[in-house]
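Let me begin by presenting the structure, written as C-alpha cells, before commenting on it.
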Amino acid sequence: MSKAPKYERVVAYTLITFLRPFNMRWATATYIFFLRRWGTRFTGRPAYISGKVDIDGTDYSLVSLGEGVTLSGNARILTHDWSPYTVGKAMGIQTTNPLGRILPVTIGDYSFIGTGSIVMPGASIGRGCIIGAGSVVRGSIPDFSIVIGNPGQIIGDTRDYLAKKFPEHVALIAQSRDEKD
C-alpha cells in the first residue's frame, strides 16, 4: 500500500496552491512529482493535472495515468468504497474486518477528465476519451468514447466529434498520414 504521510500532503497542497496563480506549469509539475513519490503510476507525462484534483489517498499505487492525460479542476479519483461497511452495520452484519472494496483506476493516454467529474473505484477509461464535466464514471469505458452524466453514459465517439467540430485539423492529420505511406 502506497500512502503519503499527512505532513507531506499538507506541504504538497500548500506549495501547489501557492504556485497555481503564478505558473500553472510549475504547479502541475509539482503535483506530478508528489503523485509519483506517493506511488501513482504514470505511463507517460500528463498534459495537465489541476492542483484542485483530489486523488484518493487510500493507495496511490492503484491509480494509473497515461500519456497526455488532462485532469480538470475538482475532478476526483476514488479507489475505495466503504459504503458496504456502513450499510452492513445497519443490517446487523458484524465483521472483524470492515466490508469494503479497494480497486484500481486506469485513465488511458490522451483522455480528458472534465471539471467536477468523479471516477469511481475499478473504473478503466480508454485512450482518447472525453469525460464531460460533472460525470460519474464507473466500469470500463472503451477507447475514444465521450461520456457525460450521472451515471456516465457513452454518447459518442471522440473521432466523430473532432471530425465534425474541427474538420480542417482532421483533414491535416489524414493528409500527413497519406504522405507517410
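Scheme for the C-alpha cells: letters A, B, ... for chains in order shown; per-chain residue numbers from 1; ligand numbers from 1 in order shown.
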Ser145 in chain A environment, 9 Å, only C-alpha atoms, sequence neighbours closer than 3 positions dropped, as a PDB file with N, CA and C atoms, in the first residue's frame:
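File produced: part27.pdb:
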ATOM      1  N   ILE A 125     -10.698   3.834 -17.976  1.00  0.00           N
ATOM      2  CA  ILE A 125     -11.051   4.749 -19.058  1.00  0.00           C
ATOM      3  C   ILE A 125     -10.032   4.553 -20.176  1.00  0.00           C
ATOM      4  N   GLY A 126     -10.512   4.321 -21.368  1.00  0.00           N
ATOM      5  CA  GLY A 126      -9.649   4.025 -22.507  1.00  0.00           C
ATOM      6  C   GLY A 126      -8.891   5.236 -23.032  1.00  0.00           C
ATOM      7  N   ARG A 127      -8.207   5.032 -24.126  1.00  0.00           N
ATOM      8  CA  ARG A 127      -7.395   6.044 -24.803  1.00  0.00           C
ATOM      9  C   ARG A 127      -8.300   7.040 -25.540  1.00  0.00           C
ATOM     10  N   GLY A 128      -7.937   8.323 -25.472  1.00  0.00           N
ATOM     11  CA  GLY A 128      -8.617   9.344 -26.260  1.00  0.00           C
ATOM     12  C   GLY A 128     -10.061   9.603 -25.878  1.00  0.00           C
ATOM     13  N   CYS A 129     -10.407   9.437 -24.618  1.00  0.00           N
ATOM     14  CA  CYS A 129     -11.785   9.650 -24.164  1.00  0.00           C
ATOM     15  C   CYS A 129     -11.986  11.075 -23.670  1.00  0.00           C
ATOM     16  N   ILE A 130     -13.222  11.535 -23.741  1.00  0.00           N
ATOM     17  CA  ILE A 130     -13.628  12.789 -23.126  1.00  0.00           C
ATOM     18  C   ILE A 130     -14.684  12.447 -22.081  1.00  0.00           C
ATOM     19  N   ILE A 131     -14.404  12.812 -20.837  1.00  0.00           N
ATOM     20  CA  ILE A 131     -15.373  12.641 -19.755  1.00  0.00           C
ATOM     21  C   ILE A 131     -15.900  14.037 -19.450  1.00  0.00           C
ATOM     22  N   ILE A 141     -14.655   1.988 -19.890  1.00  0.00           N
ATOM     23  CA  ILE A 141     -15.024   2.930 -20.939  1.00  0.00           C
ATOM     24  C   ILE A 141     -14.116   2.651 -22.139  1.00  0.00           C
ATOM     25  N   PRO A 142     -14.683   2.291 -23.297  1.00  0.00           N
ATOM     26  CA  PRO A 142     -13.857   1.962 -24.464  1.00  0.00           C
ATOM     27  C   PRO A 142     -13.080   3.178 -24.990  1.00  0.00           C
ATOM     28  N   ILE A 154     -22.152   6.658 -22.382  1.00  0.00           N
ATOM     29  CA  ILE A 154     -21.405   6.917 -23.614  1.00  0.00           C
ATOM     30  C   ILE A 154     -22.380   7.511 -24.626  1.00  0.00           C
ATOM     31  N   ILE A 155     -22.037   8.714 -25.110  1.00  0.00           N
ATOM     32  CA  ILE A 155     -22.945   9.378 -26.056  1.00  0.00           C
ATOM     33  C   ILE A 155     -22.333   9.555 -27.439  1.00  0.00           C
ATOM     34  N   GLY A 156     -21.072   9.205 -27.593  1.00  0.00           N
ATOM     35  CA  GLY A 156     -20.467   9.374 -28.901  1.00  0.00           C
ATOM     36  C   GLY A 156     -19.021   8.928 -28.931  1.00  0.00           C
ATOM     37  N   ASP A 157     -18.395   9.266 -30.064  1.00  0.00           N
ATOM     38  CA  ASP A 157     -17.009   8.895 -30.341  1.00  0.00           C
ATOM     39  C   ASP A 157     -16.206  10.176 -30.542  1.00  0.00           C
ATOM     40  N   THR A 158     -15.058  10.268 -29.879  1.00  0.00           N
ATOM     41  CA  THR A 158     -14.257  11.493 -29.967  1.00  0.00           C
ATOM     42  C   THR A 158     -13.754  11.740 -31.385  1.00  0.00           C
ATOM     43  N   ARG A 159     -13.530  10.693 -32.168  1.00  0.00           N
ATOM     44  CA  ARG A 159     -13.067  10.879 -33.557  1.00  0.00           C
ATOM     45  C   ARG A 159     -14.140  11.550 -34.395  1.00  0.00           C
TER      46      ARG A 159
END
Shell around Asn74 in chain A at 8 Å using only C-alpha atoms, local window under 4 positions removed, as number ranges by chain: A: 50, 52-54, 115-117
Keeping only C-alpha atoms, write the selected residues to a file as a CSV table (one decimal), in the first residue's frame.
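Dumped everything to result_13.csv:
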chain,number,residue,atom,x,y,z
A,50,SER,CA,-5.1,20.7,-11.8
A,52,LYS,CA,-7.6,21.1,-7.3
A,53,VAL,CA,-7.8,17.4,-8.4
A,54,ASP,CA,-8.5,15.0,-5.5
A,115,THR,CA,-14.3,19.6,-14.2
A,116,GLY,CA,-16.1,18.1,-11.2
A,117,SER,CA,-16.1,14.5,-12.6
Mind the document's chain letters and residue numbers, and return as an MDAnalysis selection string the residues of range 14-86 of chain A that DSSP labels strand (DSSP E or B). chainID A and resid 41:42 48:49 54:55 63:65 70:71 76:77 80:81
Could you pull out all residues of range 84-126 of chain A with a DSSP call of helix (DSSP H, G or I) and give them as a count of residues only? 7
Rank nothing, just name the residue among A:Val87, A:Ile32, A:Ile107, A:Ala12 nearest to Met120 in chain A, using only C-alpha atoms.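 Using only C-alpha atoms, Met120 in chain A sits closest to A:Ile107.
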Let me make sure I understand: among A:Gly66, A:Gly57, A:Gly108, A:Gly51, which one has the smallest atom-to-atom distance to Pro5 in chain A if we use only C-alpha atoms? A:Gly57
Give me the residues near range 34-37 of chain A as a PDB file with N, CA and C atoms, in the first residue's frame, where near means some atom within 12 Å (using only C-alpha atoms) and where sequence neighbours in that chain fewer than 5 positions away do not count.
ATOM      1  N   SER A   2       0.596   2.150  -0.891  1.00  0.00           N
ATOM      2  CA  SER A   2       1.404   3.353  -1.007  1.00  0.00           C
ATOM      3  C   SER A   2       0.585   4.559  -0.550  1.00  0.00           C
ATOM      4  N   LYS A   3       0.933   5.056   0.629  1.00  0.00           N
ATOM      5  CA  LYS A   3       0.178   6.153   1.221  1.00  0.00           C
ATOM      6  C   LYS A   3       1.147   7.288   1.539  1.00  0.00           C
ATOM      7  N   ALA A   4       0.713   8.505   1.301  1.00  0.00           N
ATOM      8  CA  ALA A   4       1.553   9.677   1.558  1.00  0.00           C
ATOM      9  C   ALA A   4       1.423  10.096   3.015  1.00  0.00           C
ATOM     10  N   PRO A   5       2.548  10.449   3.646  1.00  0.00           N
ATOM     11  CA  PRO A   5       2.452  10.980   5.011  1.00  0.00           C
ATOM     12  C   PRO A   5       1.618  12.263   5.020  1.00  0.00           C
ATOM     13  N   GLU A   8       3.388  15.535   4.545  1.00  0.00           N
ATOM     14  CA  GLU A   8       3.874  15.724   3.177  1.00  0.00           C
ATOM     15  C   GLU A   8       2.743  16.172   2.254  1.00  0.00           C
ATOM     16  N   ARG A   9       1.544  15.639   2.468  1.00  0.00           N
ATOM     17  CA  ARG A   9       0.393  16.081   1.673  1.00  0.00           C
ATOM     18  C   ARG A   9       0.093  17.550   1.940  1.00  0.00           C
ATOM     19  N   VAL A  10       0.176  17.963   3.207  1.00  0.00           N
ATOM     20  CA  VAL A  10      -0.057  19.367   3.550  1.00  0.00           C
ATOM     21  C   VAL A  10       0.959  20.263   2.846  1.00  0.00           C
ATOM     22  N   VAL A  11       2.227  19.884   2.891  1.00  0.00           N
ATOM     23  CA  VAL A  11       3.281  20.658   2.216  1.00  0.00           C
ATOM     24  C   VAL A  11       3.021  20.707   0.709  1.00  0.00           C
ATOM     25  N   ALA A  12       2.692  19.545   0.116  1.00  0.00           N
ATOM     26  CA  ALA A  12       2.466  19.483  -1.333  1.00  0.00           C
ATOM     27  C   ALA A  12       1.308  20.378  -1.752  1.00  0.00           C
ATOM     28  N   TYR A  13       0.162  20.252  -1.089  1.00  0.00           N
ATOM     29  CA  TYR A  13      -1.006  21.028  -1.488  1.00  0.00           C
ATOM     30  C   TYR A  13      -0.818  22.520  -1.220  1.00  0.00           C
ATOM     31  N   LEU A  15       2.109  24.093  -1.408  1.00  0.00           N
ATOM     32  CA  LEU A  15       3.018  24.516  -2.473  1.00  0.00           C
ATOM     33  C   LEU A  15       2.285  24.650  -3.807  1.00  0.00           C
ATOM     34  N   ILE A  16       1.449  23.683  -4.129  1.00  0.00           N
ATOM     35  CA  ILE A  16       0.691  23.714  -5.389  1.00  0.00           C
ATOM     36  C   ILE A  16      -0.264  24.899  -5.400  1.00  0.00           C
ATOM     37  N   ALA A  27       2.967  24.334 -11.129  1.00  0.00           N
ATOM     38  CA  ALA A  27       2.034  23.690 -10.203  1.00  0.00           C
ATOM     39  C   ALA A  27       1.757  22.247 -10.635  1.00  0.00           C
ATOM     40  N   THR A  28       1.533  22.047 -11.939  1.00  0.00           N
ATOM     41  CA  THR A  28       1.295  20.705 -12.468  1.00  0.00           C
ATOM     42  C   THR A  28       2.520  19.820 -12.250  1.00  0.00           C
ATOM     43  N   ALA A  29       3.706  20.342 -12.564  1.00  0.00           N
ATOM     44  CA  ALA A  29       4.945  19.565 -12.388  1.00  0.00           C
ATOM     45  C   ALA A  29       5.161  19.192 -10.922  1.00  0.00           C
ATOM     46  N   PHE A  42       2.494   6.348 -13.699  1.00  0.00           N
ATOM     47  CA  PHE A  42       2.373   7.139 -14.922  1.00  0.00           C
ATOM     48  C   PHE A  42       2.963   6.340 -16.069  1.00  0.00           C
ATOM     49  N   THR A  43       2.231   6.243 -17.184  1.00  0.00           N
ATOM     50  CA  THR A  43       2.774   5.561 -18.356  1.00  0.00           C
ATOM     51  C   THR A  43       3.338   6.574 -19.349  1.00  0.00           C
ATOM     52  N   GLY A  44       3.354   7.806 -18.965  1.00  0.00           N
ATOM     53  CA  GLY A  44       3.879   8.899 -19.772  1.00  0.00           C
ATOM     54  C   GLY A  44       3.686  10.187 -18.998  1.00  0.00           C
ATOM     55  N   ARG A  45       3.919  11.305 -19.651  1.00  0.00           N
ATOM     56  CA  ARG A  45       3.765  12.608 -18.997  1.00  0.00           C
ATOM     57  C   ARG A  45       2.360  13.145 -19.226  1.00  0.00           C
ATOM     58  N   PRO A  46       1.624  13.414 -18.148  1.00  0.00           N
ATOM     59  CA  PRO A  46       0.294  14.012 -18.309  1.00  0.00           C
ATOM     60  C   PRO A  46       0.393  15.411 -18.933  1.00  0.00           C
ATOM     61  N   ILE A  49      -2.594  18.407 -14.820  1.00  0.00           N
ATOM     62  CA  ILE A  49      -3.327  17.945 -13.648  1.00  0.00           C
ATOM     63  C   ILE A  49      -3.554  19.176 -12.777  1.00  0.00           C
ATOM     64  N   GLY A  51      -4.261  21.512  -9.722  1.00  0.00           N
ATOM     65  CA  GLY A  51      -3.932  21.420  -8.304  1.00  0.00           C
ATOM     66  C   GLY A  51      -5.156  21.177  -7.443  1.00  0.00           C
ATOM     67  N   VAL A  53      -7.367  18.788  -8.163  1.00  0.00           N
ATOM     68  CA  VAL A  53      -7.792  17.405  -8.357  1.00  0.00           C
ATOM     69  C   VAL A  53      -7.600  16.650  -7.043  1.00  0.00           C
ATOM     70  N   ASP A  54      -8.562  15.815  -6.708  1.00  0.00           N
ATOM     71  CA  ASP A  54      -8.464  15.015  -5.488  1.00  0.00           C
ATOM     72  C   ASP A  54      -8.295  13.557  -5.886  1.00  0.00           C
ATOM     73  N   ILE A  55      -7.092  13.042  -5.690  1.00  0.00           N
ATOM     74  CA  ILE A  55      -6.839  11.629  -5.920  1.00  0.00           C
ATOM     75  C   ILE A  55      -6.869  10.947  -4.569  1.00  0.00           C
ATOM     76  N   ASP A  56      -7.757   9.971  -4.446  1.00  0.00           N
ATOM     77  CA  ASP A  56      -7.957   9.238  -3.209  1.00  0.00           C
ATOM     78  C   ASP A  56      -6.632   8.752  -2.654  1.00  0.00           C
ATOM     79  N   GLY A  57      -6.384   9.081  -1.400  1.00  0.00           N
ATOM     80  CA  GLY A  57      -5.120   8.723  -0.786  1.00  0.00           C
ATOM     81  C   GLY A  57      -5.095   7.375  -0.099  1.00  0.00           C
ATOM     82  N   ASP A  59      -4.599   4.431  -1.472  1.00  0.00           N
ATOM     83  CA  ASP A  59      -3.431   3.758  -2.030  1.00  0.00           C
ATOM     84  C   ASP A  59      -3.152   4.368  -3.401  1.00  0.00           C
ATOM     85  N   TYR A  60      -2.214   5.287  -3.450  1.00  0.00           N
ATOM     86  CA  TYR A  60      -1.898   5.989  -4.694  1.00  0.00           C
ATOM     87  C   TYR A  60      -1.420   5.043  -5.786  1.00  0.00           C
ATOM     88  N   SER A  61      -0.837   3.909  -5.410  1.00  0.00           N
ATOM     89  CA  SER A  61      -0.312   2.987  -6.420  1.00  0.00           C
ATOM     90  C   SER A  61      -1.423   2.313  -7.223  1.00  0.00           C
ATOM     91  N   LEU A  62      -2.661   2.448  -6.797  1.00  0.00           N
ATOM     92  CA  LEU A  62      -3.788   1.889  -7.541  1.00  0.00           C
ATOM     93  C   LEU A  62      -4.240   2.783  -8.684  1.00  0.00           C
ATOM     94  N   VAL A  63      -3.665   3.978  -8.790  1.00  0.00           N
ATOM     95  CA  VAL A  63      -4.051   4.927  -9.834  1.00  0.00           C
ATOM     96  C   VAL A  63      -2.979   4.924 -10.922  1.00  0.00           C
ATOM     97  N   SER A  64      -3.421   4.743 -12.165  1.00  0.00           N
ATOM     98  CA  SER A  64      -2.520   4.746 -13.313  1.00  0.00           C
ATOM     99  C   SER A  64      -3.010   5.791 -14.311  1.00  0.00           C
ATOM    100  N   LEU A  65      -2.115   6.733 -14.654  1.00  0.00           N
ATOM    101  CA  LEU A  65      -2.454   7.823 -15.574  1.00  0.00           C
ATOM    102  C   LEU A  65      -1.577   7.730 -16.821  1.00  0.00           C
TER     103      LEU A  65
END
Calculated over only C-alpha atoms, which of the candidates A:Val136, A:Ala90, A:Ala123, A:Ala171 has the smallest distance to Gly152 in chain A? A:Val136
Need to verify the contact set: Leu99 in chain A, 10 Å, only C-alpha atoms, exclusion of same-chain residues closer than 6 positions in sequence. Can you return it as a compact mmCIF listing (two decimals) with C-alpha atoms, in the first residue's frame?
# COMPACT_ATOMS: atom_id res chain seq x y z
CA ASP A 81 -15.78 2.18 -1.39
CA TRP A 82 -16.64 1.63 2.27
CA SER A 83 -20.40 2.05 1.86
CA PRO A 84 -21.00 -1.73 2.36
CA TYR A 85 -19.49 -1.38 5.83
CA THR A 86 -21.94 1.36 6.82
CA VAL A 87 -24.96 -0.32 5.26
CA GLY A 88 -23.90 -3.70 6.64
CA LYS A 89 -23.91 -2.30 10.17
CA ILE A 93 -23.70 -7.52 9.92
